[in-house]
Every structure is written in structure tokens, then in C-alpha cells.
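Participant: Can you read through this structure? Questions will come right after.
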Amino acid sequence: MLDVTMVAILVTMALALARASMGPTVFDRILAVNMFGTKTVLLIAVIGFLTDRPEFLDLGLVYALINFIGVVALLRFIRFGHFAEPDEAERMDR
Amino acid sequence: MSGALAVASWVLLAAGSVFAVVGGVGIVRLPDFFTRMHGAGITDTMGAALILGGLLCQSPDWQVAVKLLMILAFLFITSPTSGHALARAALANGLKPRLDERETEATSSTP
């Protein structure tokens, strides 16, 4: 059953990559990449159980924390609308 | 692993796989950004929770179970937060949800 789950997660990751590559707006790409990160955590956990090496769960935890950093970057994105420096952003807003 | 726990684990893993693939199809097939968020939300909540729950039923000792629960807690805190922030950023940058045609005309005249 674990290998079926792993294949399902890989298919989902492939679909998310497809959306990330063709998404018309930048928000579609961010959404797809965020989903890709979540699926990476699940994939690492499933591989850890599949190969009977529970240390992989630590790597999954690290990936979950990296996702959190991604959330912080997103909160910056919500504030400025782009990842430019604040003074540059102000110039672009006006 | 006892029989009932194994069956519960299989059922949870199968349901999680189905939800993950359904959300993946949704993020490719749905017509605009705000509907695609629905597909991503399915995989982030139902897919992740069911798959991690299925793994939790197979965990050999309590340390593995605690790690799985920590991963689940992190995912449940961060993924709705990022989804909310993303939707707000999209709205603030002028991305309009696709609505029914008549409704669009009716609401476009109101401020």
C-alpha cells in the first residue's frame, strides 16, 4: 500500500509542476510550488516508512520548517506585491 | 502490527492517495486561480492528514509517532496561513475571481 501512496504523491507532484510551469499568473506558480513543498514532506515520510528508516522523518520535519520560511516570504509578498527592496517597491507603486 | 490497525492504515493511505491525486488534477484542470486554490487546499488538508494518519497507524514506537504528529502540526499551521496570504495577495494585486456573467455585470456597477 505504501508504494501506491508514493506513486499517488509523485503523480500529484508532477501535476503541480505542470501547473507551476504553465500557470498564467505568478500566484498560480506560487500556489503550485507551495503544494509541491507539502507533497515533498509527505513523500519523504512515506519513503522513510517504505525503506524502514524512520530517520527520514527528521528530514521531513526540516522540509516542513522550510515550508514555514516560504510562508514568511509569502507574507512579504502580500505586503509589497513583489520581492523587490522596499524603496524600489515604493517607486514601483507610485 | 495487529490486523485491525493494518486495515485502518491501508484505508487511510488509500483515501489520502485518492485525495492527493484529485487535488492534483484540480490544480491543473480548474479554470482560474481562486478555483485552483481549492484543489491545492484538498491536497494540503485531506491528503496530508490522511496519509500521515495512515503512517501513524504503522509507527513502530512512540518517537516516530511524535515526529509524525509534529509534521502534521506544522503542515496544519503553515499551509492554511500561506493559502490565506496568497489569496489576499492575489486580490490586492487585482486578480478578479471568475464569476457568473450576469453577476459580474451587476456587481461591476457597485463601488
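Just so we're on the same page: first chain in the C-alpha cells is A, next is B, and so on; residues restart at 1 for each chain, and ligands are numbered from 1 in the order they show up.
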Can you build me a table of chain A residues sitting at most 8 Å from chain B, with the closest atom pair per residue and its distance in Å to one decimal, using only C-alpha atoms, sorted by chain and residue number, as a tab-separated table?

Facilitator:
```
residue	atom	partner	partner_atom	distance
A:Met1	CA	B:Trp10	CA	6.3
A:Leu2	CA	B:Leu13	CA	7.5
A:Val4	CA	B:Ser17	CA	7.7
A:Thr5	CA	B:Ser17	CA	5.3
A:Ala8	CA	B:Ser17	CA	5.4
A:Ile9	CA	B:Ala20	CA	6.6
A:Val11	CA	B:Val21	CA	6.8
A:Thr12	CA	B:Gly24	CA	4.7
A:Met13	CA	B:Gly24	CA	7.5
A:Leu15	CA	B:Gly24	CA	5.5
A:Ala16	CA	B:Gly24	CA	6.2
A:Ala18	CA	B:Val28	CA	7.3
A:Arg19	CA	B:Val28	CA	5.6
A:Phe27	CA	B:Ala90	CA	6.6
A:Asp28	CA	B:Phe33	CA	6.1
A:Leu31	CA	B:Met37	CA	7.1
A:Ala32	CA	B:Ala40	CA	7.5
A:Met35	CA	B:Ala40	CA	6.2
A:Thr38	CA	B:Asp44	CA	6.7
A:Lys39	CA	B:Ala48	CA	7.8
A:Leu42	CA	B:Ala48	CA	6.7
A:Ala45	CA	B:Leu52	CA	8.0
A:Val46	CA	B:Leu55	CA	7.4
A:Phe49	CA	B:Leu55	CA	7.5
A:Pro54	CA	B:Val64	CA	6.7
A:Leu57	CA	B:Lys67	CA	6.6
A:Asp58	CA	B:Lys67	CA	7.4
A:Gly60	CA	B:Ile71	CA	7.2
A:Leu61	CA	B:Ile71	CA	5.6
A:Ala64	CA	B:Phe74	CA	6.3
A:Leu65	CA	B:Phe74	CA	7.5
A:Asn67	CA	B:Thr78	CA	7.3
A:Phe68	CA	B:Thr78	CA	5.9
A:Val71	CA	B:Ser82	CA	5.3
A:Leu74	CA	B:Ser82	CA	6.8
A:Leu75	CA	B:Ala85	CA	6.2
A:Phe77	CA	B:Ala89	CA	7.1
A:Ile78	CA	B:Ala89	CA	4.5
A:Arg79	CA	B:Ala89	CA	7.7
A:Gly81	CA	B:Ala89	CA	6.8
```

Participant: Quick one, how far is atom CA of A:Ala73 from atom CA of B:Leu30?

Facilitator: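 A separation of 26.0 Å between them.
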
Participant: Interatomic distance between atom CA of A:Leu43 and atom CA of A:Asp3?

Facilitator: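 Atom-to-atom, atom CA of A:Leu43 and atom CA of A:Asp3 are spaced 10.5 Å apart.
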
Participant: May I ask for the distance between atom CA of A:Leu59 and atom CA of A:Asn34, given in Å to one decimal place?

Facilitator: 17.4 Å

Participant: As number ranges by chain, please: every residue in chain B that a backbone DSSP assignment puts in helix (DSSP H, G or I).

Facilitator: B: 3-29, 33-57, 62-92, 101-109

Participant: Can you pull out every residue within 8 Å of B:Ala8, counting only C-alpha atoms, but drop anything in the same chain fewer than 4 positions away, and send it as number ranges by chain?

Facilitator: B: 4, 12, 54, 57
